Amino acid sequence: MAVERTLSIIKPDATKRNLTGKINAKFEDAGLRIVAQKRIQLTPAQAGVFYEVHKERPFYGELCDFMASGPVVVQVLEGEGAIAKNREVMGATNPADAAPGTVRAEFAESVGENSVHGSDAADTAAQEIAYFFSGLELVG
Ligand code: CDP
Ligand code: MG
């Protein structure tokens, strides 16, 4: 399997509860390397551009407001099959369906406030990484 990079976000519900280190430990324990990371405050408009693919969904407005409700930690994870591996470590979108030991099973508060984002495919990973990071900020 090829070495990949994927975009991860630790969402406001998790940064508020001081869970960045615990979540990063799960990524690192799974063999994912954090090759870029920064803590930022998004505006609702910036969150809206990031989540544009969901703009027709009923939860879009709420999602954008939530993502701008506090700091987020945006990061690039690198490793063998990193995109799928990160989705595995994250767990299902709805924490009620997330496998034991996953980030969302342990930390998510609801289907909306579910602690982490992870890219879902190679093309979206490349696009999402470029939204937050320049090439100079990726240090593998
Ligand atoms: O984040 P993931 O790729 O697992 O799920 P998604 O289907 O791409 O949805 C993006 C985000 O929208 C989720 O992580 C939730 O924060 C939110 N969402 C929601 O609020 N209500 C839903 N029914 C589905 C998703
Ligand atoms: Mg998604």
# chains A, B, ... in the order shown; residues from 1 in each chain; ligands from 1
$ closest_atom_pairs --of "chain A" --to "ligand 2" --cutoff "10 Å" --atoms "only C-alpha atoms and all ligand atoms" --output "tab-separated table"
residue	atom	partner	partner_atom_place_in_ligand_line	distance
A:Tyr51	CA	ligand 2	1 (Mg)	8.5
A:Val53	CA	ligand 2	1 (Mg)	8.9
A:His54	CA	ligand 2	1 (Mg)	8.8
A:Arg87	CA	ligand 2	1 (Mg)	9.5
A:Thr93	CA	ligand 2	1 (Mg)	8.2
A:His117	CA	ligand 2	1 (Mg)	6.9
A:Gly118	CA	ligand 2	1 (Mg)	6.7
A:Ser119	CA	ligand 2	1 (Mg)	6.4
A:Asp120	CA	ligand 2	1 (Mg)	6.0
A:Ala121	CA	ligand 2	1 (Mg)	9.4
A:Thr124	CA	ligand 2	1 (Mg)	9.4
$ residues_near_ligand --ligand "ligand 1" --cutoff "6 Å" --atoms "only C-alpha atoms and all ligand atoms" --output "PyMOL selection string"
chain A and resi 59+63+92-93+111-114+117
$ select_by_dssp --residues "region 9-84 of chain A" --states "alpha helix (DSSP H)" --output "PDB file with N, CA and C atoms, in the first residue's frame"
ATOM      1  N   PRO A  12     -14.209  21.674  17.393  1.00  0.00           N
ATOM      2  CA  PRO A  12     -14.340  22.507  18.599  1.00  0.00           C
ATOM      3  C   PRO A  12     -14.825  21.763  19.846  1.00  0.00           C
ATOM      4  N   ASP A  13     -15.695  20.765  19.703  1.00  0.00           N
ATOM      5  CA  ASP A  13     -16.160  20.055  20.920  1.00  0.00           C
ATOM      6  C   ASP A  13     -14.981  19.396  21.628  1.00  0.00           C
ATOM      7  N   ALA A  14     -13.998  18.937  20.847  1.00  0.00           N
ATOM      8  CA  ALA A  14     -12.843  18.235  21.415  1.00  0.00           C
ATOM      9  C   ALA A  14     -11.782  19.211  21.922  1.00  0.00           C
ATOM     10  N   THR A  15     -11.519  20.299  21.183  1.00  0.00           N
ATOM     11  CA  THR A  15     -10.510  21.251  21.672  1.00  0.00           C
ATOM     12  C   THR A  15     -10.984  21.892  22.977  1.00  0.00           C
ATOM     13  N   LYS A  16     -12.306  22.144  23.078  1.00  0.00           N
ATOM     14  CA  LYS A  16     -12.857  22.744  24.308  1.00  0.00           C
ATOM     15  C   LYS A  16     -12.633  21.844  25.511  1.00  0.00           C
ATOM     16  N   THR A  20      -6.971  17.297  22.590  1.00  0.00           N
ATOM     17  CA  THR A  20      -6.063  17.231  21.437  1.00  0.00           C
ATOM     18  C   THR A  20      -4.986  16.152  21.626  1.00  0.00           C
ATOM     19  N   GLY A  21      -4.369  16.124  22.783  1.00  0.00           N
ATOM     20  CA  GLY A  21      -3.289  15.153  23.017  1.00  0.00           C
ATOM     21  C   GLY A  21      -3.792  13.717  22.992  1.00  0.00           C
ATOM     22  N   LYS A  22      -4.940  13.489  23.611  1.00  0.00           N
ATOM     23  CA  LYS A  22      -5.484  12.120  23.642  1.00  0.00           C
ATOM     24  C   LYS A  22      -5.840  11.643  22.240  1.00  0.00           C
ATOM     25  N   ILE A  23      -6.379  12.534  21.413  1.00  0.00           N
ATOM     26  CA  ILE A  23      -6.744  12.163  20.046  1.00  0.00           C
ATOM     27  C   ILE A  23      -5.478  11.946  19.212  1.00  0.00           C
ATOM     28  N   ASN A  24      -4.495  12.846  19.370  1.00  0.00           N
ATOM     29  CA  ASN A  24      -3.237  12.662  18.638  1.00  0.00           C
ATOM     30  C   ASN A  24      -2.564  11.339  19.010  1.00  0.00           C
ATOM     31  N   ALA A  25      -2.676  10.939  20.256  1.00  0.00           N
ATOM     32  CA  ALA A  25      -2.069   9.661  20.674  1.00  0.00           C
ATOM     33  C   ALA A  25      -2.715   8.504  19.921  1.00  0.00           C
ATOM     34  N   LYS A  26      -4.007   8.583  19.696  1.00  0.00           N
ATOM     35  CA  LYS A  26      -4.671   7.500  18.943  1.00  0.00           C
ATOM     36  C   LYS A  26      -4.149   7.439  17.501  1.00  0.00           C
ATOM     37  N   PHE A  27      -3.963   8.605  16.890  1.00  0.00           N
ATOM     38  CA  PHE A  27      -3.414   8.626  15.516  1.00  0.00           C
ATOM     39  C   PHE A  27      -2.008   8.015  15.511  1.00  0.00           C
ATOM     40  N   GLU A  28      -1.173   8.471  16.431  1.00  0.00           N
ATOM     41  CA  GLU A  28       0.221   8.015  16.446  1.00  0.00           C
ATOM     42  C   GLU A  28       0.305   6.525  16.781  1.00  0.00           C
ATOM     43  N   ASP A  29      -0.537   6.073  17.701  1.00  0.00           N
ATOM     44  CA  ASP A  29      -0.540   4.646  18.058  1.00  0.00           C
ATOM     45  C   ASP A  29      -0.931   3.780  16.857  1.00  0.00           C
ATOM     46  N   PRO A  44     -17.532  31.213  10.230  1.00  0.00           N
ATOM     47  CA  PRO A  44     -18.560  30.368   9.614  1.00  0.00           C
ATOM     48  C   PRO A  44     -18.392  30.299   8.085  1.00  0.00           C
ATOM     49  N   ALA A  45     -17.976  31.394   7.465  1.00  0.00           N
ATOM     50  CA  ALA A  45     -17.804  31.403   6.003  1.00  0.00           C
ATOM     51  C   ALA A  45     -16.676  30.465   5.577  1.00  0.00           C
ATOM     52  N   GLN A  46     -15.582  30.478   6.322  1.00  0.00           N
ATOM     53  CA  GLN A  46     -14.459  29.575   5.998  1.00  0.00           C
ATOM     54  C   GLN A  46     -14.864  28.118   6.199  1.00  0.00           C
ATOM     55  N   ALA A  47     -15.629  27.839   7.247  1.00  0.00           N
ATOM     56  CA  ALA A  47     -16.127  26.475   7.462  1.00  0.00           C
ATOM     57  C   ALA A  47     -17.080  26.097   6.325  1.00  0.00           C
ATOM     58  N   GLY A  48     -17.848  27.081   5.862  1.00  0.00           N
ATOM     59  CA  GLY A  48     -18.796  26.838   4.780  1.00  0.00           C
ATOM     60  C   GLY A  48     -18.124  26.442   3.477  1.00  0.00           C
ATOM     61  N   VAL A  49     -17.003  27.068   3.182  1.00  0.00           N
ATOM     62  CA  VAL A  49     -16.250  26.700   1.972  1.00  0.00           C
ATOM     63  C   VAL A  49     -15.702  25.279   2.138  1.00  0.00           C
ATOM     64  N   PHE A  50     -15.167  24.991   3.307  1.00  0.00           N
ATOM     65  CA  PHE A  50     -14.593  23.663   3.545  1.00  0.00           C
ATOM     66  C   PHE A  50     -15.652  22.572   3.375  1.00  0.00           C
ATOM     67  N   TYR A  60     -26.278  21.676   7.266  1.00  0.00           N
ATOM     68  CA  TYR A  60     -25.143  22.483   6.804  1.00  0.00           C
ATOM     69  C   TYR A  60     -24.919  23.754   7.652  1.00  0.00           C
ATOM     70  N   GLY A  61     -25.984  24.517   7.899  1.00  0.00           N
ATOM     71  CA  GLY A  61     -25.851  25.775   8.647  1.00  0.00           C
ATOM     72  C   GLY A  61     -25.334  25.527  10.053  1.00  0.00           C
ATOM     73  N   GLU A  62     -25.929  24.539  10.678  1.00  0.00           N
ATOM     74  CA  GLU A  62     -25.539  24.180  12.039  1.00  0.00           C
ATOM     75  C   GLU A  62     -24.077  23.705  12.077  1.00  0.00           C
ATOM     76  N   LEU A  63     -23.694  22.927  11.070  1.00  0.00           N
ATOM     77  CA  LEU A  63     -22.332  22.400  10.989  1.00  0.00           C
ATOM     78  C   LEU A  63     -21.321  23.547  10.860  1.00  0.00           C
ATOM     79  N   CYS A  64     -21.625  24.521  10.008  1.00  0.00           N
ATOM     80  CA  CYS A  64     -20.710  25.664   9.818  1.00  0.00           C
ATOM     81  C   CYS A  64     -20.590  26.476  11.099  1.00  0.00           C
ATOM     82  N   ASP A  65     -21.708  26.703  11.780  1.00  0.00           N
ATOM     83  CA  ASP A  65     -21.676  27.459  13.035  1.00  0.00           C
ATOM     84  C   ASP A  65     -20.890  26.691  14.099  1.00  0.00           C
ATOM     85  N   PHE A  66     -21.104  25.394  14.152  1.00  0.00           N
ATOM     86  CA  PHE A  66     -20.369  24.566  15.121  1.00  0.00           C
ATOM     87  C   PHE A  66     -18.864  24.621  14.869  1.00  0.00           C
ATOM     88  N   MET A  67     -18.459  24.504  13.593  1.00  0.00           N
ATOM     89  CA  MET A  67     -17.025  24.480  13.277  1.00  0.00           C
ATOM     90  C   MET A  67     -16.348  25.824  13.572  1.00  0.00           C
ATOM     91  N   ALA A  82      -3.058   6.011   4.657  1.00  0.00           N
ATOM     92  CA  ALA A  82      -3.459   6.939   5.728  1.00  0.00           C
ATOM     93  C   ALA A  82      -4.928   7.361   5.657  1.00  0.00           C
ATOM     94  N   ILE A  83      -5.479   7.466   4.465  1.00  0.00           N
ATOM     95  CA  ILE A  83      -6.856   7.968   4.346  1.00  0.00           C
ATOM     96  C   ILE A  83      -7.825   6.984   5.004  1.00  0.00           C
ATOM     97  N   ALA A  84      -7.730   5.710   4.634  1.00  0.00           N
ATOM     98  CA  ALA A  84      -8.614   4.698   5.217  1.00  0.00           C
ATOM     99  C   ALA A  84      -8.271   4.427   6.677  1.00  0.00           C
TER     100      ALA A  84
END
$ residues_around --residues "Gln41 (chain A)" --least-positions-apart "2" --cutoff "9 Å" --atoms "only C-alpha atoms" --output "PyMOL selection string"
chain A and resi 39+43+67-73
$ select_by_dssp --residues "region 3-139 of chain A" --states "strand (DSSP E or B)" --output "list in words"
Val3, Glu4, Arg5, Thr6, Leu7, Ser8, Ile9, Ile10, Arg33, Ile34, Val35, Ala36, Gln37, Lys38, Arg39, Ile40, Val72, Val73, Val74, Gln75, Val76, Leu77, Glu78, Gly79, Glu80, Val116, His117 and Gly118 of chain A
$ closest_residue --among "A:Pro58, A:Pro100, A:Gly81, A:Gly135" --to "Thr6 (chain A)" --atoms "only C-alpha atoms"
A:Gly81
$ atom_distance --atom1 "CA of Ala122 (chain A)" --atom2 "CA of Leu32 (chain A)"
16.0 Å
$ closest_residue --among "A:Gln127, A:Thr102, A:Ser110, A:Ser134" --to "Met90 (chain A)" --atoms "only C-alpha atoms"
A:Thr102
$ closest_residue --among "A:Gly79, A:Glu109, A:Pro95, A:Val116" --to "Ser8 (chain A)" --atoms "only C-alpha atoms"
A:Val116
$ atom_distance --atom1 "CA of Asn94 (chain A)" --atom2 "CA of Ala36 (chain A)"
26.9 Å
